[in-house]
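Input: a single structure, listed below in structure tokens.
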Amino acid sequence: MYALIDGNNFYVSCERVFRPSLNGRPVIVLSNNDGCAIARSNEAKALGIKMGAPWYQLRHLEETEGLVALSANFTLYGDLSDRMMSLAAGLGPVQEVYSIDESFIGLLGVRGDLTQRCRDVRSRIHQWVGIPCCVGVGPTKTLAKLANHIAKTAERKPGSYPAELAQVCNLTALPAQDLDDVLAATQVEEVWGVGRRIAAQLHEGGVHSVLDLLRMDPATVRRRWSVVLERTVRELQGMPCIALDDAPAPKKEIACTRAFGQAVTALAPLVEAVSEFASRAAEKLRKQGSLASQLLVFAHTSPFRPGPRFNKSVVVPLRRPTADTGTLVSAAALGMRRIYEPGYPMAKAGVMLLDLIPADVLQRELDLEGDNLRDRTKLMVALDALNGRYGKGTVHSASTGATNKDKHWGMKQERRTPQYTTRWEDVPIARA
């Protein structure tokens, strides 16, 4: 038995926690550099705003419809996500944090009324964190995700499903006929793992609803489509094929890339940028307990703007696998100096850490050159602790620049709200 807890319009909900005046208004959150919509309130969806819609095409709605557009505040979203997930973990003994706003919970051995338990946890998250969420329960992960979709749809569009399925939908508590009716009313493309192309092929074959897909023969599905879709069908039939991943495998590559707020032509700001990207990537590397053997640096001009084109990268091998910020930043700066050519307006740059190995794998070699490198593991632990407590970039490499202000390569975030929960100066003050 599984449950899926999902924050409703998560980024928008995080903004509304500290700005209740946004409730009931159409709100969108914009991507890096305020480029396009990456989150929408229900009111914004009602205006026909699509996910990924460019901001310049929506700007007129500020005047005509009262649309509120905000820059992404990922520090705030990440902190509220951690709080939400810590409460969601109380639903069952095993948890898989699937994304920033989604969490699978294993319910094996949990006794009592599961539906009421889910409602209690949902209410606790809403009261303690301020994030509205929906919960879906099913005998497999695919059915739990489908139940979550039903719960959200029933809440957002009254009449589309029975009212009792809003907010919390427990498919295992439905009578057989009611369950068939709900599955028959749900389009097949709403199933986790059924993409647009597969959905079109299923429709052509007369498979329109989830109930139609559930009743198909798995062996036939495998022969006509793939083993992946066969697994989905078996999950819909109640046979668990996807286990909880409570300890995700370490990433094989770690990247940190950014589009610049404005074009960059000089070498110095490009070195600053890749130095910061390498610092962020190093922190992620240490967090998963890995070391990098190589580092890739790239930079390129915008493919959409007229003018000369530039697109180069270089792989910098590291003498020893490392997670040391200083070593990785030095390699990134060296790589940028190697590929840089003056006269090109760079639009994006990035760093990728390659050939990752576990940190407990030791490489021993003779000290032939007398470098006598010191182990700086404790220093890196202290660095991460300080930045975790006081905010990213509190302690940073000198090559990233003396201050975070006035960095021409920084992202456009003209509409970003304060980091209410992670910066002392941004903590809201209640006045009598």
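Letters A, B, ... mark the chains of the structure tokens in the order given; residue numbers begin at 1 per chain; ligand numbers begin at 1, in order shown.
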Stretch 299-313 of chain A surroundings by only C-alpha atoms, 12 Å radius, close-in-sequence under 6 positions cut, as a ChimeraX atom specification: /A:257-265,267,270-271,273-274,332,334-352
Using N, CA and C atoms, can you write the selected residues to a file as a compact mmCIF listing (two decimals), in the first residue's frame?
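In the end it all went to part_20.txt:
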# COMPACT_ATOMS: atom_id res chain seq x y z
N THR A 257 24.65 24.83 -14.26
CA THR A 257 24.69 25.70 -15.43
C THR A 257 23.68 26.82 -15.24
N ARG A 258 23.93 27.97 -15.83
CA ARG A 258 23.02 29.09 -15.73
C ARG A 258 23.06 29.92 -17.01
N ALA A 259 21.90 30.44 -17.39
CA ALA A 259 21.84 31.47 -18.41
C ALA A 259 22.06 32.82 -17.74
N PHE A 260 22.81 33.69 -18.35
CA PHE A 260 23.14 34.97 -17.77
C PHE A 260 21.99 35.95 -17.92
N GLY A 261 21.89 36.88 -16.97
CA GLY A 261 20.86 37.90 -17.05
C GLY A 261 21.09 38.84 -18.23
N GLN A 262 22.36 39.03 -18.61
CA GLN A 262 22.69 39.82 -19.79
C GLN A 262 23.98 39.26 -20.37
N ALA A 263 24.22 39.55 -21.64
CA ALA A 263 25.39 38.98 -22.32
C ALA A 263 26.69 39.41 -21.63
N VAL A 264 27.64 38.46 -21.58
CA VAL A 264 28.94 38.70 -20.95
C VAL A 264 30.03 38.53 -22.00
N THR A 265 30.90 39.51 -22.10
CA THR A 265 31.97 39.45 -23.11
C THR A 265 33.36 39.34 -22.50
N LEU A 267 36.49 38.23 -19.81
CA LEU A 267 36.92 36.98 -19.18
C LEU A 267 36.66 36.98 -17.68
N LEU A 270 33.27 35.84 -16.52
CA LEU A 270 33.07 34.44 -16.88
C LEU A 270 33.78 33.52 -15.88
N VAL A 271 34.97 33.92 -15.45
CA VAL A 271 35.69 33.15 -14.43
C VAL A 271 34.92 33.18 -13.12
N ALA A 273 31.72 33.44 -12.79
CA ALA A 273 30.53 32.60 -12.94
C ALA A 273 30.85 31.12 -12.78
N VAL A 274 31.86 30.63 -13.52
CA VAL A 274 32.16 29.20 -13.44
C VAL A 274 32.75 28.84 -12.09
N ALA A 332 37.95 24.81 -12.84
CA ALA A 332 36.94 25.50 -13.64
C ALA A 332 37.49 26.80 -14.21
N LEU A 334 40.62 27.52 -14.78
CA LEU A 334 41.62 27.15 -15.78
C LEU A 334 40.95 26.79 -17.10
N GLY A 335 39.86 26.01 -17.02
CA GLY A 335 39.14 25.62 -18.22
C GLY A 335 38.54 26.81 -18.96
N MET A 336 37.96 27.75 -18.22
CA MET A 336 37.37 28.93 -18.86
C MET A 336 38.44 29.77 -19.55
N ARG A 337 39.60 29.92 -18.89
CA ARG A 337 40.68 30.70 -19.53
C ARG A 337 41.17 30.01 -20.80
N ARG A 338 41.04 28.68 -20.82
CA ARG A 338 41.52 27.93 -21.99
C ARG A 338 40.59 28.12 -23.20
N ILE A 339 39.30 28.17 -22.98
CA ILE A 339 38.37 28.23 -24.11
C ILE A 339 37.96 29.66 -24.48
N TYR A 340 38.27 30.63 -23.62
CA TYR A 340 37.78 31.99 -23.83
C TYR A 340 38.37 32.62 -25.09
N GLU A 341 37.51 33.31 -25.81
CA GLU A 341 37.92 34.13 -26.95
C GLU A 341 37.19 35.47 -26.85
N PRO A 342 37.88 36.56 -26.97
CA PRO A 342 37.23 37.87 -26.83
C PRO A 342 36.29 38.17 -28.00
N GLY A 343 35.32 39.04 -27.72
CA GLY A 343 34.45 39.52 -28.79
C GLY A 343 33.13 38.79 -28.93
N TYR A 344 32.90 37.76 -28.12
CA TYR A 344 31.65 37.01 -28.22
C TYR A 344 30.75 37.32 -27.02
N PRO A 345 29.48 37.64 -27.26
CA PRO A 345 28.55 37.88 -26.13
C PRO A 345 28.02 36.56 -25.58
N MET A 346 28.61 36.08 -24.52
CA MET A 346 28.23 34.80 -23.94
C MET A 346 26.86 34.90 -23.25
N ALA A 347 26.02 33.91 -23.53
CA ALA A 347 24.68 33.88 -22.94
C ALA A 347 24.55 32.84 -21.83
N LYS A 348 25.43 31.86 -21.82
CA LYS A 348 25.30 30.78 -20.83
C LYS A 348 26.66 30.12 -20.63
N ALA A 349 26.88 29.62 -19.43
CA ALA A 349 28.08 28.86 -19.11
C ALA A 349 27.72 27.83 -18.05
N GLY A 350 28.62 26.88 -17.86
CA GLY A 350 28.32 25.85 -16.87
C GLY A 350 29.51 24.97 -16.56
N VAL A 351 29.33 24.16 -15.52
CA VAL A 351 30.35 23.22 -15.06
C VAL A 351 29.70 21.87 -14.85
N MET A 352 30.36 20.80 -15.28
CA MET A 352 29.90 19.43 -15.04
C MET A 352 31.03 18.64 -14.40
At a cut-off of 12 Å, using only C-alpha atoms, what residues contact A:Ala249? Leave out same-chain residues fewer than 3 positions from it and give the result as a ChimeraX atom specification. /A:245-246,252-253,288-290,358
Any chance you can output those residues with all heavy atoms as an mmCIF file, in the first residue's frame?
data_model
loop_
_atom_site.group_PDB
_atom_site.id
_atom_site.type_symbol
_atom_site.label_atom_id
_atom_site.label_comp_id
_atom_site.auth_asym_id
_atom_site.auth_seq_id
_atom_site.Cartn_x
_atom_site.Cartn_y
_atom_site.Cartn_z
ATOM 1 N N ASP A 245 11.995 3.884 -3.532
ATOM 2 C CA ASP A 245 13.425 4.164 -3.590
ATOM 3 C C ASP A 245 13.754 5.128 -2.464
ATOM 4 O O ASP A 245 13.861 6.334 -2.653
ATOM 5 C CB ASP A 245 13.777 4.772 -4.951
ATOM 6 C CG ASP A 245 15.273 4.899 -5.159
ATOM 7 O OD1 ASP A 245 16.023 4.387 -4.306
ATOM 8 O OD2 ASP A 245 15.682 5.502 -6.162
ATOM 9 N N ASP A 246 13.877 4.574 -1.242
ATOM 10 C CA ASP A 246 14.112 5.443 -0.086
ATOM 11 C C ASP A 246 15.560 5.891 0.027
ATOM 12 O O ASP A 246 15.888 6.767 0.826
ATOM 13 C CB ASP A 246 13.682 4.748 1.216
ATOM 14 C CG ASP A 246 14.371 3.409 1.420
ATOM 15 O OD1 ASP A 246 14.937 2.887 0.446
ATOM 16 O OD2 ASP A 246 14.337 2.891 2.539
ATOM 17 N N LYS A 252 25.584 10.010 -11.476
ATOM 18 C CA LYS A 252 26.810 9.698 -12.185
ATOM 19 C C LYS A 252 27.506 10.947 -12.697
ATOM 20 O O LYS A 252 28.701 10.923 -13.006
ATOM 21 C CB LYS A 252 26.507 8.754 -13.350
ATOM 22 C CG LYS A 252 25.959 7.395 -12.898
ATOM 23 C CD LYS A 252 25.697 6.486 -14.078
ATOM 24 C CE LYS A 252 25.163 5.136 -13.609
ATOM 25 N NZ LYS A 252 24.898 4.225 -14.759
ATOM 26 N N GLU A 253 26.758 12.031 -12.816
ATOM 27 C CA GLU A 253 27.306 13.320 -13.194
ATOM 28 C C GLU A 253 26.586 14.404 -12.404
ATOM 29 O O GLU A 253 25.415 14.247 -12.065
ATOM 30 C CB GLU A 253 27.139 13.590 -14.699
ATOM 31 C CG GLU A 253 27.881 12.613 -15.598
ATOM 32 C CD GLU A 253 27.610 12.883 -17.065
ATOM 33 O OE1 GLU A 253 26.736 13.744 -17.343
ATOM 34 O OE2 GLU A 253 28.246 12.258 -17.922
ATOM 35 N N GLN A 288 26.377 13.863 -1.653
ATOM 36 C CA GLN A 288 26.089 12.482 -2.007
ATOM 37 C C GLN A 288 27.272 11.553 -1.748
ATOM 38 O O GLN A 288 27.237 10.372 -2.073
ATOM 39 C CB GLN A 288 25.651 12.377 -3.471
ATOM 40 C CG GLN A 288 26.759 12.488 -4.491
ATOM 41 C CD GLN A 288 26.291 12.091 -5.888
ATOM 42 O OE1 GLN A 288 25.125 12.229 -6.237
ATOM 43 N NE2 GLN A 288 27.204 11.582 -6.698
ATOM 44 N N GLY A 289 28.354 12.077 -1.148
ATOM 45 C CA GLY A 289 29.485 11.244 -0.766
ATOM 46 C C GLY A 289 30.300 10.736 -1.931
ATOM 47 O O GLY A 289 30.676 9.561 -1.966
ATOM 48 N N SER A 290 30.595 11.616 -2.887
ATOM 49 C CA SER A 290 31.341 11.224 -4.081
ATOM 50 C C SER A 290 32.546 12.119 -4.294
ATOM 51 O O SER A 290 32.683 13.177 -3.676
ATOM 52 C CB SER A 290 30.439 11.268 -5.323
ATOM 53 O OG SER A 290 29.361 10.373 -5.220
ATOM 54 N N PRO A 358 32.793 6.784 -5.391
ATOM 55 C CA PRO A 358 32.478 6.951 -3.959
ATOM 56 C C PRO A 358 33.650 7.568 -3.207
ATOM 57 O O PRO A 358 34.822 7.318 -3.516
ATOM 58 C CB PRO A 358 32.207 5.518 -3.496
ATOM 59 C CG PRO A 358 31.857 4.764 -4.728
ATOM 60 C CD PRO A 358 32.655 5.387 -5.832
#
Point-to-point distance from atom CA of A:Ala359 to atom CA of A:Lys287, Å rounded to tenths: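 Distance between the two atoms: 10.5 Å.
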All residues 8 Å or closer to stretch 380-392 of chain A, only C-alpha atoms, same chain fewer than 5 positions away omitted, as a short mmCIF file (atom, residue, chain, number, x, y, z; two decimals) with N, CA, C and O atoms, in the first residue's frame:
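The resulting file, out.cif, is shown below:
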data_model
loop_
_atom_site.label_atom_id
_atom_site.label_comp_id
_atom_site.auth_asym_id
_atom_site.auth_seq_id
_atom_site.Cartn_x
_atom_site.Cartn_y
_atom_site.Cartn_z
N GLU A 283 29.49 21.27 -3.59
CA GLU A 283 28.62 21.04 -2.42
C GLU A 283 27.70 19.85 -2.66
O GLU A 283 27.50 19.01 -1.79
N ASP A 324 37.04 18.71 -3.14
CA ASP A 324 37.52 19.94 -2.54
C ASP A 324 37.10 21.13 -3.40
O ASP A 324 37.42 21.19 -4.59
N THR A 325 36.42 22.08 -2.80
CA THR A 325 35.94 23.25 -3.54
C THR A 325 37.08 24.01 -4.19
O THR A 325 37.00 24.43 -5.35
N THR A 422 15.24 31.76 5.72
CA THR A 422 16.65 31.41 5.74
C THR A 422 17.58 32.60 5.90
O THR A 422 18.79 32.42 6.01
N ARG A 423 17.07 33.82 5.89
CA ARG A 423 17.88 35.03 6.07
C ARG A 423 17.30 35.87 7.18
O ARG A 423 16.11 36.21 7.16
#
Close residues, A:Ile49 itself excluded, 9 Å, only C-alpha atoms, min 5 positions apart in chain, as a ChimeraX atom specification: /A:28,37,40,44,58
Produce a file of the selected residues containing C-alpha atoms, as a PDB file, in the first residue's frame.
ATOM      1  CA  ILE A  28       2.579  32.628 -11.701  1.00  0.00           C
ATOM      2  CA  ALA A  37       5.891  30.364 -16.301  1.00  0.00           C
ATOM      3  CA  ARG A  40       0.541  28.632 -11.906  1.00  0.00           C
ATOM      4  CA  ALA A  44      -3.918  31.624 -13.547  1.00  0.00           C
ATOM      5  CA  LEU A  58       1.704  37.181 -20.617  1.00  0.00           C
TER       6      LEU A  58
END
Identify, on the basis of only C-alpha atoms, every residue whose closest approach to A:Val191 does not exceed 12 Å; exclude the query and any residue fewer than 3 positions from it along the same chain; express the result as a PyMOL selection string. chain A and resi 141-150+183+186-188+194-196+198-199+208-214+229+232-233+235-236
Using only C-alpha atoms, which of A:Asp6, A:Arg119, A:Glu272, A:Gly393 sits nearest A:Ser103? A:Asp6
Neighbouring residues of A:Trp128 were defined as those with any atom within 10 Å, considering only C-alpha atoms; residues of the same chain fewer than 3 positions away were excluded. Please report them as a PyMOL selection string. chain A and resi 83-84+87+123-125+131
Which residues are close to A:Arg122, i.e. within 9 Å by only C-alpha atoms, leaving aside same-chain residues fewer than 2 positions away? Reply as a PDB file with all heavy atoms, in the first residue's frame.
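The result, stored in part.pdb:
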ATOM      1  N   ILE A   5       1.805  12.133  -1.462  1.00  0.00           N
ATOM      2  CA  ILE A   5       1.455  13.470  -0.985  1.00  0.00           C
ATOM      3  C   ILE A   5       2.095  14.483  -1.927  1.00  0.00           C
ATOM      4  O   ILE A   5       3.303  14.428  -2.173  1.00  0.00           O
ATOM      5  CB  ILE A   5       1.941  13.691   0.458  1.00  0.00           C
ATOM      6  CG1 ILE A   5       1.285  12.684   1.405  1.00  0.00           C
ATOM      7  CG2 ILE A   5       1.645  15.112   0.914  1.00  0.00           C
ATOM      8  CD1 ILE A   5       1.715  12.834   2.843  1.00  0.00           C
ATOM      9  N   LEU A  87       6.914  16.340   7.850  1.00  0.00           N
ATOM     10  CA  LEU A  87       5.582  16.033   8.374  1.00  0.00           C
ATOM     11  C   LEU A  87       4.940  14.888   7.602  1.00  0.00           C
ATOM     12  O   LEU A  87       4.268  14.036   8.183  1.00  0.00           O
ATOM     13  CB  LEU A  87       4.688  17.274   8.300  1.00  0.00           C
ATOM     14  CG  LEU A  87       5.114  18.456   9.178  1.00  0.00           C
ATOM     15  CD1 LEU A  87       4.211  19.653   8.930  1.00  0.00           C
ATOM     16  CD2 LEU A  87       5.081  18.074  10.652  1.00  0.00           C
ATOM     17  N   ALA A  88       5.163  14.852   6.291  1.00  0.00           N
ATOM     18  CA  ALA A  88       4.605  13.770   5.477  1.00  0.00           C
ATOM     19  C   ALA A  88       5.160  12.421   5.902  1.00  0.00           C
ATOM     20  O   ALA A  88       4.474  11.397   5.803  1.00  0.00           O
ATOM     21  CB  ALA A  88       4.898  14.023   4.003  1.00  0.00           C
ATOM     22  N   ARG A 117      -6.377   8.990   8.436  1.00  0.00           N
ATOM     23  CA  ARG A 117      -4.976   9.269   8.771  1.00  0.00           C
ATOM     24  C   ARG A 117      -4.378  10.243   7.750  1.00  0.00           C
ATOM     25  O   ARG A 117      -3.658  11.177   8.111  1.00  0.00           O
ATOM     26  CB  ARG A 117      -4.181   7.962   8.797  1.00  0.00           C
ATOM     27  CG  ARG A 117      -2.732   8.128   9.233  1.00  0.00           C
ATOM     28  CD  ARG A 117      -2.004   6.795   9.223  1.00  0.00           C
ATOM     29  NE  ARG A 117      -0.619   6.937   9.624  1.00  0.00           N
ATOM     30  CZ  ARG A 117      -0.177   6.867  10.875  1.00  0.00           C
ATOM     31  NH1 ARG A 117      -1.046   6.671  11.865  1.00  0.00           N
ATOM     32  NH2 ARG A 117       1.100   7.000  11.157  1.00  0.00           N
ATOM     33  N   CYS A 118      -4.699  10.023   6.469  1.00  0.00           N
ATOM     34  CA  CYS A 118      -4.201  10.918   5.425  1.00  0.00           C
ATOM     35  C   CYS A 118      -4.766  12.324   5.602  1.00  0.00           C
ATOM     36  O   CYS A 118      -4.059  13.320   5.421  1.00  0.00           O
ATOM     37  CB  CYS A 118      -4.566  10.378   4.045  1.00  0.00           C
ATOM     38  SG  CYS A 118      -3.679   8.877   3.573  1.00  0.00           S
ATOM     39  N   ARG A 119      -6.033  12.422   5.953  1.00  0.00           N
ATOM     40  CA  ARG A 119      -6.646  13.742   6.165  1.00  0.00           C
ATOM     41  C   ARG A 119      -5.986  14.457   7.342  1.00  0.00           C
ATOM     42  O   ARG A 119      -5.770  15.672   7.305  1.00  0.00           O
ATOM     43  CB  ARG A 119      -8.147  13.599   6.387  1.00  0.00           C
ATOM     44  CG  ARG A 119      -8.909  13.127   5.161  1.00  0.00           C
ATOM     45  CD  ARG A 119     -10.421  13.299   5.311  1.00  0.00           C
ATOM     46  NE  ARG A 119     -11.104  12.782   4.141  1.00  0.00           N
ATOM     47  CZ  ARG A 119     -11.254  13.441   2.993  1.00  0.00           C
ATOM     48  NH1 ARG A 119     -10.749  14.666   2.896  1.00  0.00           N
ATOM     49  NH2 ARG A 119     -11.889  12.910   1.971  1.00  0.00           N
ATOM     50  N   ASP A 120      -5.647  13.707   8.383  1.00  0.00           N
ATOM     51  CA  ASP A 120      -5.009  14.313   9.553  1.00  0.00           C
ATOM     52  C   ASP A 120      -3.621  14.859   9.199  1.00  0.00           C
ATOM     53  O   ASP A 120      -3.253  15.971   9.612  1.00  0.00           O
ATOM     54  CB  ASP A 120      -4.901  13.293  10.682  1.00  0.00           C
ATOM     55  CG  ASP A 120      -6.263  12.914  11.262  1.00  0.00           C
ATOM     56  OD1 ASP A 120      -7.234  13.663  11.034  1.00  0.00           O
ATOM     57  OD2 ASP A 120      -6.358  11.858  11.920  1.00  0.00           O
ATOM     58  N   ARG A 124      -2.326  18.730   9.137  1.00  0.00           N
ATOM     59  CA  ARG A 124      -1.151  19.150   9.914  1.00  0.00           C
ATOM     60  C   ARG A 124      -0.176  19.925   9.036  1.00  0.00           C
ATOM     61  O   ARG A 124       0.380  20.945   9.451  1.00  0.00           O
ATOM     62  CB  ARG A 124      -0.476  17.926  10.522  1.00  0.00           C
ATOM     63  CG  ARG A 124       0.644  18.257  11.499  1.00  0.00           C
ATOM     64  CD  ARG A 124       1.203  16.990  12.107  1.00  0.00           C
ATOM     65  NE  ARG A 124       0.158  16.239  12.783  1.00  0.00           N
ATOM     66  CZ  ARG A 124       0.070  14.915  12.789  1.00  0.00           C
ATOM     67  NH1 ARG A 124       0.989  14.191  12.146  1.00  0.00           N
ATOM     68  NH2 ARG A 124      -0.898  14.301  13.434  1.00  0.00           N
ATOM     69  N   ILE A 125       0.038  19.448   7.808  1.00  0.00           N
ATOM     70  CA  ILE A 125       0.939  20.158   6.888  1.00  0.00           C
ATOM     71  C   ILE A 125       0.391  21.545   6.580  1.00  0.00           C
ATOM     72  O   ILE A 125       1.127  22.538   6.582  1.00  0.00           O
ATOM     73  CB  ILE A 125       1.119  19.336   5.590  1.00  0.00           C
ATOM     74  CG1 ILE A 125       1.908  18.049   5.870  1.00  0.00           C
ATOM     75  CG2 ILE A 125       1.825  20.162   4.521  1.00  0.00           C
ATOM     76  CD1 ILE A 125       1.979  17.105   4.693  1.00  0.00           C
ATOM     77  N   HIS A 126      -0.912  21.629   6.360  1.00  0.00           N
ATOM     78  CA  HIS A 126      -1.522  22.915   6.033  1.00  0.00           C
ATOM     79  C   HIS A 126      -1.440  23.871   7.217  1.00  0.00           C
ATOM     80  O   HIS A 126      -1.167  25.066   7.059  1.00  0.00           O
ATOM     81  CB  HIS A 126      -2.979  22.715   5.612  1.00  0.00           C
ATOM     82  CG  HIS A 126      -3.573  23.908   4.927  1.00  0.00           C
ATOM     83  ND1 HIS A 126      -4.921  24.135   4.854  1.00  0.00           N
ATOM     84  CD2 HIS A 126      -2.987  24.963   4.304  1.00  0.00           C
ATOM     85  CE1 HIS A 126      -5.140  25.266   4.203  1.00  0.00           C
ATOM     86  NE2 HIS A 126      -3.978  25.782   3.849  1.00  0.00           N
ATOM     87  N   GLN A 127      -1.643  23.361   8.416  1.00  0.00           N
ATOM     88  CA  GLN A 127      -1.633  24.221   9.604  1.00  0.00           C
ATOM     89  C   GLN A 127      -0.221  24.627   9.997  1.00  0.00           C
ATOM     90  O   GLN A 127       0.026  25.790  10.334  1.00  0.00           O
ATOM     91  CB  GLN A 127      -2.316  23.494  10.764  1.00  0.00           C
ATOM     92  CG  GLN A 127      -2.338  24.318  12.053  1.00  0.00           C
ATOM     93  CD  GLN A 127      -2.997  23.566  13.205  1.00  0.00           C
ATOM     94  OE1 GLN A 127      -3.399  22.421  13.053  1.00  0.00           O
ATOM     95  NE2 GLN A 127      -3.096  24.219  14.346  1.00  0.00           N
ATOM     96  N   PRO A 132      -1.117  23.807   1.062  1.00  0.00           N
ATOM     97  CA  PRO A 132      -2.226  22.894   0.783  1.00  0.00           C
ATOM     98  C   PRO A 132      -1.729  21.736  -0.076  1.00  0.00           C
ATOM     99  O   PRO A 132      -0.898  21.931  -0.976  1.00  0.00           O
ATOM    100  CB  PRO A 132      -3.224  23.766   0.013  1.00  0.00           C
ATOM    101  CG  PRO A 132      -2.376  24.796  -0.651  1.00  0.00           C
ATOM    102  CD  PRO A 132      -1.217  25.065   0.284  1.00  0.00           C
ATOM    103  N   CYS A 133      -2.186  20.552   0.205  1.00  0.00           N
ATOM    104  CA  CYS A 133      -1.738  19.390  -0.559  1.00  0.00           C
ATOM    105  C   CYS A 133      -2.880  18.396  -0.718  1.00  0.00           C
ATOM    106  O   CYS A 133      -3.918  18.516  -0.066  1.00  0.00           O
ATOM    107  CB  CYS A 133      -0.535  18.717   0.101  1.00  0.00           C
ATOM    108  SG  CYS A 133      -0.826  18.123   1.780  1.00  0.00           S
ATOM    109  N   CYS A 134      -2.679  17.444  -1.594  1.00  0.00           N
ATOM    110  CA  CYS A 134      -3.631  16.360  -1.801  1.00  0.00           C
ATOM    111  C   CYS A 134      -2.907  15.033  -1.623  1.00  0.00           C
ATOM    112  O   CYS A 134      -1.700  14.944  -1.815  1.00  0.00           O
ATOM    113  CB  CYS A 134      -4.253  16.432  -3.189  1.00  0.00           C
ATOM    114  SG  CYS A 134      -5.414  17.810  -3.389  1.00  0.00           S
ATOM    115  N   VAL A 135      -3.668  14.009  -1.253  1.00  0.00           N
ATOM    116  CA  VAL A 135      -3.093  12.693  -0.972  1.00  0.00           C
ATOM    117  C   VAL A 135      -3.850  11.643  -1.769  1.00  0.00           C
ATOM    118  O   VAL A 135      -5.090  11.640  -1.798  1.00  0.00           O
ATOM    119  CB  VAL A 135      -3.165  12.352   0.535  1.00  0.00           C
ATOM    120  CG1 VAL A 135      -2.407  11.059   0.817  1.00  0.00           C
ATOM    121  CG2 VAL A 135      -2.628  13.487   1.384  1.00  0.00           C
ATOM    122  N   GLN A 167      -9.241  16.234  -2.171  1.00  0.00           N
ATOM    123  CA  GLN A 167      -8.149  16.366  -1.202  1.00  0.00           C
ATOM    124  C   GLN A 167      -7.512  15.033  -0.851  1.00  0.00           C
ATOM    125  O   GLN A 167      -6.292  14.904  -0.868  1.00  0.00           O
ATOM    126  CB  GLN A 167      -8.623  17.069   0.070  1.00  0.00           C
ATOM    127  CG  GLN A 167      -9.177  18.463  -0.187  1.00  0.00           C
ATOM    128  CD  GLN A 167      -9.727  19.116   1.049  1.00  0.00           C
ATOM    129  OE1 GLN A 167      -9.810  18.509   2.120  1.00  0.00           O
ATOM    130  NE2 GLN A 167     -10.116  20.374   0.929  1.00  0.00           N
ATOM    131  N   VAL A 168      -8.305  14.033  -0.514  1.00  0.00           N
ATOM    132  CA  VAL A 168      -7.778  12.697  -0.212  1.00  0.00           C
ATOM    133  C   VAL A 168      -8.590  11.662  -0.970  1.00  0.00           C
ATOM    134  O   VAL A 168      -9.812  11.585  -0.811  1.00  0.00           O
ATOM    135  CB  VAL A 168      -7.823  12.389   1.302  1.00  0.00           C
ATOM    136  CG1 VAL A 168      -7.395  10.945   1.553  1.00  0.00           C
ATOM    137  CG2 VAL A 168      -6.927  13.348   2.074  1.00  0.00           C
TER     138      VAL A 168
END
Which of these, A:Leu295, A:Glu425, A:Pro418, A:Pro218, has the shortest distance to A:Thr75 once you count only C-alpha atoms?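 Between A:Leu295, A:Glu425, A:Pro418, A:Pro218, the residue approaching A:Thr75 most closely is A:Pro418.
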Point out the residue among A:Gln95, A:Gln57, A:Lys251, A:Gly130 with the least atom-to-atom distance to A:Pro20, counting only C-alpha atoms. A:Gly130
Write out as a ChimeraX atom specification all residues of stretch 179-344 of chain A that DSSP puts in strand (DSSP E) for this structure's backbone. /A:254-264,290-301,311-322
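In this model, the gap between atom CA of A:Ala282 and atom CA of A:Val361 comes to 17.3 Å.
Rounded to one decimal, atom CA of A:Leu356 and atom CA of A:Thr377 lie 17.0 Å from each other.
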Using DSSP on the backbone coordinates, identify all residues within stretch 158-397 of chain A classified as alpha helix (DSSP H); present the result as a count of residues only. 90
Using only C-alpha atoms, can you tell me which of A:Pro139, A:Gly48, A:Gln413, A:Arg319 comes closest to A:Phe74? A:Gln413
